[in-house]
Protein chains: 2
Amino acid sequence: MPDIFPTETLEVTTGPLPASRKIHIAGTHHPDIRVAMREIALDPSANEPPLRVYDTSGPYTDTTYQADIRRGLPALRAGWIEARGDVEAYPGRDPKPEDDGLKPGEARRVPVFDRGQRQPLRARAGAAPTQLAYARAGIVTPEMEYVAIRENLGRARLREAAERDGESFGAAIPDYVTAEFVRDEVARGRAIIPANINHPESEPMAIGRNFLVKINANIGNSAVASSVAQEVDKLVWAIRWGGDTVMDLSTGRNIHTTREWIIRNSPVPIGTVPIYQALEKVGGKAEDLTWEIFRDTLIEQAEQGVDYFTIHAGVRLAYIPLTAKRVTGIVSRGGSIMAKWCLAHHQENFLYTHFAEICDIMRAYDVSFSLGDGLRPGSIADANDAAQFAELETLGELTKLAWARDVQVMIEGPGHVPMHKIQVNMTKQLEVCGEAPFYTLGPLTTDIAPGYDHITSGIGAAMIGWFGCAMLCYVTPKEHLGLPDRDDVKTGVITYKIAAHAADLAKGHPAAKLRDDALSRARFEFRWRDQFNLGLDPETAERFHDQTLPAEGAKLAHFCSMCGPKFCSMKISQEVREAAQQGMEEMSERFRGNGGEIYLPPVAR
Amino acid sequence: MPDIFPTETLEVTTGPLPASRKIHIAGTHHPDIRVAMREIALDPSANEPPLRVYDTSGPYTDTTYQADIRRGLPALRAGWIEARGDVEAYPGRDPKPEDDGLKPGEARRVPVFDRGQRQPLRARAGAAPTQLAYARAGIVTPEMEYVAIRENLGRARLREAAERDGESFGAAIPDYVTAEFVRDEVARGRAIIPANINHPESEPMAIGRNFLVKINANIGNSAVASSVAQEVDKLVWAIRWGGDTVMDLSTGRNIHTTREWIIRNSPVPIGTVPIYQALEKVGGKAEDLTWEIFRDTLIEQAEQGVDYFTIHAGVRLAYIPLTAKRVTGIVSRGGSIMAKWCLAHHQENFLYTHFAEICDIMRAYDVSFSLGDGLRPGSIADANDAAQFAELETLGELTKLAWARDVQVMIEGPGHVPMHKIQVNMTKQLEVCGEAPFYTLGPLTTDIAPGYDHITSGIGAAMIGWFGCAMLCYVTPKEHLGLPDRDDVKTGVITYKIAAHAADLAKGHPAAKLRDDALSRARFEFRWRDQFNLGLDPETAERFHDQTLPAEGAKLAHFCSMCGPKFCSMKISQEVREAAQQGMEEMSERFRGNGGEIYLPPVAR
């Protein structure tokens, strides 16, 4: 392969997290399914089985798998796709230099993924090879069963009915997820399984209010920063820590080539915003965008295997003046690009006018819509304004058009929203968009903390996840300041796993509390390694502990440096418990010794 | 002074934050009041006055002040205290070696603050020198006026009525805070002004639902970590970033000496948990605690100037068995200590039985109660259980007893609480405790992220602050793992400032949004330095920006490395706005050119 710069090392992080091993659960309807999960082993003194957790990290954390980025991941879904018999291979579109921002004849300066003889697939004439179409036809696909097994986190083995404790605001989370339940949710449009027929490497997952709350991590270069190697590394790093999907938001050079590396090596769905690459193709001049260039870009990306497209079809010409008095105008890249085009041509947004054709393209590959919130608020001052909700109404209208054409849909949401204005976003979206899954960016609950926007938004994300949001798009500490590096990616992912899990707990998801309880038991029993290993980031927890108590023996100690041995409340608490138990036994003995009477005659003084 | 280890450097961080200067606003009722505030200057192109923000950092950030830790801060309140004529100086209690954990004759190995001739003050016979007693008598003290001016953030100069936009769940936040309003809130017990007569260095502040949400930072050594110098440094560091009060939770050696350094140098109220020092005095054996030792410790600490005491008088003997089935037992240090004492003696908690005497001591110095939540839940599993709410009922009972004795009261709260169980904590507390201010630790909304508990708890803190909690006790990344260092202190403070401010915004506090709007305007106009300087942590924001775009010219650029010049939505948004304006002007001209008619006759083809 043409490795012009062989010194650019394409290495990613592999190996399991501490005390963890990859297990696979087989399907029943479809016995060839092997659903990957992670088991965290505990200290024998715990007397507890390993804890199973949902696992997004793909084969990279499987010790039996030898990762080779140049080869890509196994095409785990290829057989299922072929067996459905409704797609055909074809030569695909000719690659063009402008796909990578190159001028004709200009040499590419980054390594290219070798696709070998692989040809893209598309629907046979008249077919609709989407999970939505299958679901409506009553078909339980292997993807649906995979999702069901995954969402159960191995809960089938727990015979006891889960004690439901939560407030889900009318969601319908089942005690146990069946493949049929998944089919029904997809058929209603209340969940999507983003799974392009040209991305057979993906491990199926669902995004929907009645499933575990999911998170997305953004990667991608800009004209100013990052490289192919760094972006592939960020992908594998993001999913290692829990990213359920990843969006490649590249806006610089080598967009096509970078994306190929990412998709071929991604076990999670990949999303993009096609207007970015289209803008690159016209040299960055929004007014030079055309429907034809955009259409061609959609096909280019669908052939590669992008699983969902963000499309800003709701940025209508008439709504743009509604942003005139805003403090931060239009903060969506795609939204601002389309607004500029609309005003330059004084025409309706071509994404809106050509929406039916966009649907037809996406249906042929089972690419899902992420209907973009181009007019989302980028400041507290602009939250819940007329522009934002006008766009939401249009997204509701477009949802129904897409569904009529068998295309899966999720809806993007804000943004910057103070806490008291968050819930109305959820209730409006459910109503206007027919319960299509909601996918928000935060929201940030205040503007005053650049450098900490993973936290300002983590608060809003946890809340809107509780209210029913299906997927939360992460925000890193670099938000508003620069392109995130891999440390930022990790911090963003961990913060959003916290938000998503806090939401699952509050909704009363039957499996959520198992992890909190296991960790708290480990904490109370001073099983330090178990406490670290059960946490979202075992290495950081251990490192923090060891900053003040690094000696190995400290991992057995019944205290840490917060309080020291005399003041550790958990240690004292254990002693209290033993004393209480002993005291109860003594009192019990004395009670019986006194004849077992509740009231004794007064003792003469 | 006896500086045995002169190499132990007692240095603290001084100097203003970027673009900031300290200003002082004079009182009107009491003209000698000078309320410190911070003004952040903006770029001239902003055409905006400097933004005023609440300032907890004390004289350390005042360029006209020469800090000397050995001298302590100016006794700004001394004149007011004396003028009230209801207190008297007295020799005070004799210091004992065990106050610092020393054996008789053992040399002290840390520097001691030189008090010179200073004598402690206490109430004259029959007097009640507390802000609560004054408020009930209809007296507006200088402290109350100071608070009013401080809470207004200079809002008096804004003539326009604040546009109220929030949901405060029945709070009563005024558009403009008068000294009389402060008096009334204190008289009702709905707010406290923690201000021991022996801490004249403190800048008065209020904790109450109808004021800005406050935050507390914890410092203090343990037997395992930290030193006097590090703790004084942490104090000044914590208030630099926004700590409204600081608790010294030391549990190691030199507790008395460390505390003296802290109080003499603290412009914010200092809280303690006296049972810790009492436990040190009995060599760490809880069963050896006695009322007499505790009583002596209260007086010792009140004479030094501690502004509020956490007292676990609600850990009643009968409640202890309610914790037997908990996953994490009793996680409060003080709570576990008292539980152990109760069971060892099989007697009611002496803090409960001697409560009236505790009130009498505290009244003599105007020390406020922070009624401890010794039975708070330390895990999601234990949230809102019988033990927790039984204690809350007792705290409600004790609140009324304290009020009857003119002692100010706030109530501590949880802990670990999943989001759906947070609001009931607030509503119960308001009801049971007569609207006394609530002061929670988080709560943490999930247990699964040791290393990130500032975030798991920041979510719960923002929410409960919104619901009406008056002060939020911070949690650092080291929670559950070890003693926080100064970096952790900063991260905890910034996280909790975010939570408190998000709560103020959501409650519709009239002054809150001014800062968000100013920062967002700066962001939209690419006034990078202003954006950094208006944020909670200007240095980090600038450093993050400069990681990818360090050149000075980049601070004028209309993009950053997130999107680069072609894709910056704010830049494009500006262009859209100009085009829209221009387009409107052109259309307007054409309209007038056509005769100003709305409908034109059809043009013949």
# chains A, B, ... in the order shown; residues from 1 in each chain; ligands from 1
>>> residues_around(residues="Cys563 of chain B", least_positions_apart="5", cutoff="9 Å", atoms="only C-alpha atoms", output="ChimeraX atom specification")
/A:221-224,250-252,333,482-483 /B:568-569
>>> select_by_dssp(residues="segment 86-174 of chain A", states="helix (DSSP H, G or I)", output="ChimeraX atom specification")
/A:97-100,131-136,142-152,155-157
>>> write_last_selection(atoms="C-alpha atoms", output="PDB file, in the first residue's frame")
ATOM      1  CA  PRO A  97      -8.932  14.149  -5.516  1.00  0.00           C
ATOM      2  CA  GLU A  98     -11.230  16.747  -3.980  1.00  0.00           C
ATOM      3  CA  ASP A  99     -12.633  14.026  -1.691  1.00  0.00           C
ATOM      4  CA  ASP A 100      -9.397  14.541   0.232  1.00  0.00           C
ATOM      5  CA  GLN A 131     -33.739  -2.016  10.155  1.00  0.00           C
ATOM      6  CA  LEU A 132     -36.902   0.092  10.189  1.00  0.00           C
ATOM      7  CA  ALA A 133     -38.341  -1.640   7.127  1.00  0.00           C
ATOM      8  CA  TYR A 134     -37.498  -5.056   8.534  1.00  0.00           C
ATOM      9  CA  ALA A 135     -39.020  -4.183  11.885  1.00  0.00           C
ATOM     10  CA  ARG A 136     -42.232  -2.994  10.286  1.00  0.00           C
ATOM     11  CA  PRO A 142     -29.775 -10.678  13.970  1.00  0.00           C
ATOM     12  CA  GLU A 143     -28.983  -7.030  14.761  1.00  0.00           C
ATOM     13  CA  MET A 144     -32.126  -6.778  16.855  1.00  0.00           C
ATOM     14  CA  GLU A 145     -31.314  -9.901  18.800  1.00  0.00           C
ATOM     15  CA  TYR A 146     -27.739  -8.734  19.317  1.00  0.00           C
ATOM     16  CA  VAL A 147     -29.098  -5.508  20.764  1.00  0.00           C
ATOM     17  CA  ALA A 148     -31.466  -7.349  23.105  1.00  0.00           C
ATOM     18  CA  ILE A 149     -28.721  -9.531  24.518  1.00  0.00           C
ATOM     19  CA  ARG A 150     -26.432  -6.539  24.875  1.00  0.00           C
ATOM     20  CA  GLU A 151     -28.994  -4.392  26.669  1.00  0.00           C
ATOM     21  CA  ASN A 152     -29.695  -7.143  29.185  1.00  0.00           C
ATOM     22  CA  ARG A 155     -29.474 -10.049  33.360  1.00  0.00           C
ATOM     23  CA  ALA A 156     -31.213 -13.191  32.195  1.00  0.00           C
ATOM     24  CA  ARG A 157     -29.271 -15.073  34.788  1.00  0.00           C
TER      25      ARG A 157
END
>>> residues_around(residues="Ala127 of chain B", least_positions_apart="3", cutoff="9 Å", atoms="only C-alpha atoms", output="ChimeraX atom specification")
/B:86-87,123-124,363-364
>>> residues_around(residues="Thr328 of chain A", least_positions_apart="6", cutoff="10 Å", atoms="only C-alpha atoms", output="compact mmCIF listing (two decimals) with N, CA, C and O atoms, in the first residue's frame")
# COMPACT_ATOMS: atom_id res chain seq x y z
N PRO A 377 -29.32 26.84 20.55
CA PRO A 377 -28.80 27.99 21.27
C PRO A 377 -27.36 27.75 21.72
O PRO A 377 -27.04 26.68 22.25
N GLY A 378 -26.50 28.74 21.51
CA GLY A 378 -25.09 28.62 21.90
C GLY A 378 -24.76 29.48 23.11
O GLY A 378 -23.59 29.74 23.39
N SER A 379 -25.80 29.91 23.83
CA SER A 379 -25.59 30.70 25.03
C SER A 379 -26.86 30.61 25.87
O SER A 379 -27.94 30.31 25.33
N ILE A 380 -26.73 30.84 27.14
CA ILE A 380 -27.88 30.82 28.04
C ILE A 380 -28.96 31.80 27.55
O ILE A 380 -30.16 31.51 27.57
N ALA A 381 -28.50 32.94 27.06
CA ALA A 381 -29.44 33.97 26.62
C ALA A 381 -30.34 33.50 25.49
O ALA A 381 -31.48 33.96 25.36
N ASP A 382 -29.83 32.60 24.65
CA ASP A 382 -30.58 32.20 23.45
C ASP A 382 -31.41 30.93 23.66
O ASP A 382 -32.11 30.48 22.73
N ASP B 517 -24.06 36.30 29.97
CA ASP B 517 -24.27 37.11 28.77
C ASP B 517 -23.00 37.86 28.37
O ASP B 517 -22.66 37.94 27.18
N SER B 520 -20.66 35.36 26.80
CA SER B 520 -21.10 34.92 25.46
C SER B 520 -20.94 36.02 24.42
O SER B 520 -20.61 35.74 23.27
N ARG B 521 -21.14 37.28 24.84
CA ARG B 521 -20.88 38.37 23.88
C ARG B 521 -19.40 38.39 23.51
O ARG B 521 -19.04 38.55 22.34
N ALA B 522 -18.56 38.22 24.50
CA ALA B 522 -17.12 38.21 24.23
C ALA B 522 -16.78 37.06 23.28
O ALA B 522 -15.99 37.21 22.35
N ARG B 523 -17.38 35.92 23.51
CA ARG B 523 -17.12 34.76 22.67
C ARG B 523 -17.55 35.04 21.23
O ARG B 523 -16.79 34.76 20.30
N PHE B 524 -18.74 35.60 21.07
CA PHE B 524 -19.28 35.82 19.73
C PHE B 524 -18.48 36.86 18.97
O PHE B 524 -18.37 36.82 17.75
N GLU B 525 -17.93 37.81 19.73
CA GLU B 525 -17.16 38.88 19.09
C GLU B 525 -15.67 38.57 19.02
O GLU B 525 -14.87 39.45 18.69
N SER B 569 -18.32 28.53 13.20
CA SER B 569 -19.74 28.90 13.08
C SER B 569 -19.97 30.33 13.53
O SER B 569 -20.83 31.01 13.00
N MET B 570 -19.21 30.79 14.51
CA MET B 570 -19.43 32.15 14.99
C MET B 570 -18.98 33.15 13.93
O MET B 570 -19.63 34.19 13.73
N SER B 573 -21.48 32.98 11.27
CA SER B 573 -22.70 33.59 11.81
C SER B 573 -22.64 35.12 11.72
O SER B 573 -23.63 35.78 11.41
N GLN B 574 -21.49 35.66 11.99
CA GLN B 574 -21.31 37.10 11.86
C GLN B 574 -21.55 37.52 10.41
O GLN B 574 -22.23 38.52 10.14
>>> closest_residue(among="A:Thr178, A:Ser588, A:Ser202, A:Gln347", to="Ala75 of chain A", atoms="only C-alpha atoms")
A:Ser202
>>> closest_atom_pairs(of="segment 110-211 of chain B", to="segment 411-435 of chain A", cutoff="12 Å", atoms="only C-alpha atoms", output="CSV")
residue,atom,partner,partner_atom,distance
B:Asp165,CA,A:His420,CA,9.1
B:Gly166,CA,A:His420,CA,6.3
B:Glu167,CA,A:His420,CA,6.0
B:Ser168,CA,A:His420,CA,8.8
B:Phe169,CA,A:His420,CA,10.4
>>> closest_residue(among="A:Gln119, A:Thr399, A:Thr56, A:Asn533", to="chain B", atoms="only C-alpha atoms")
A:Asn533
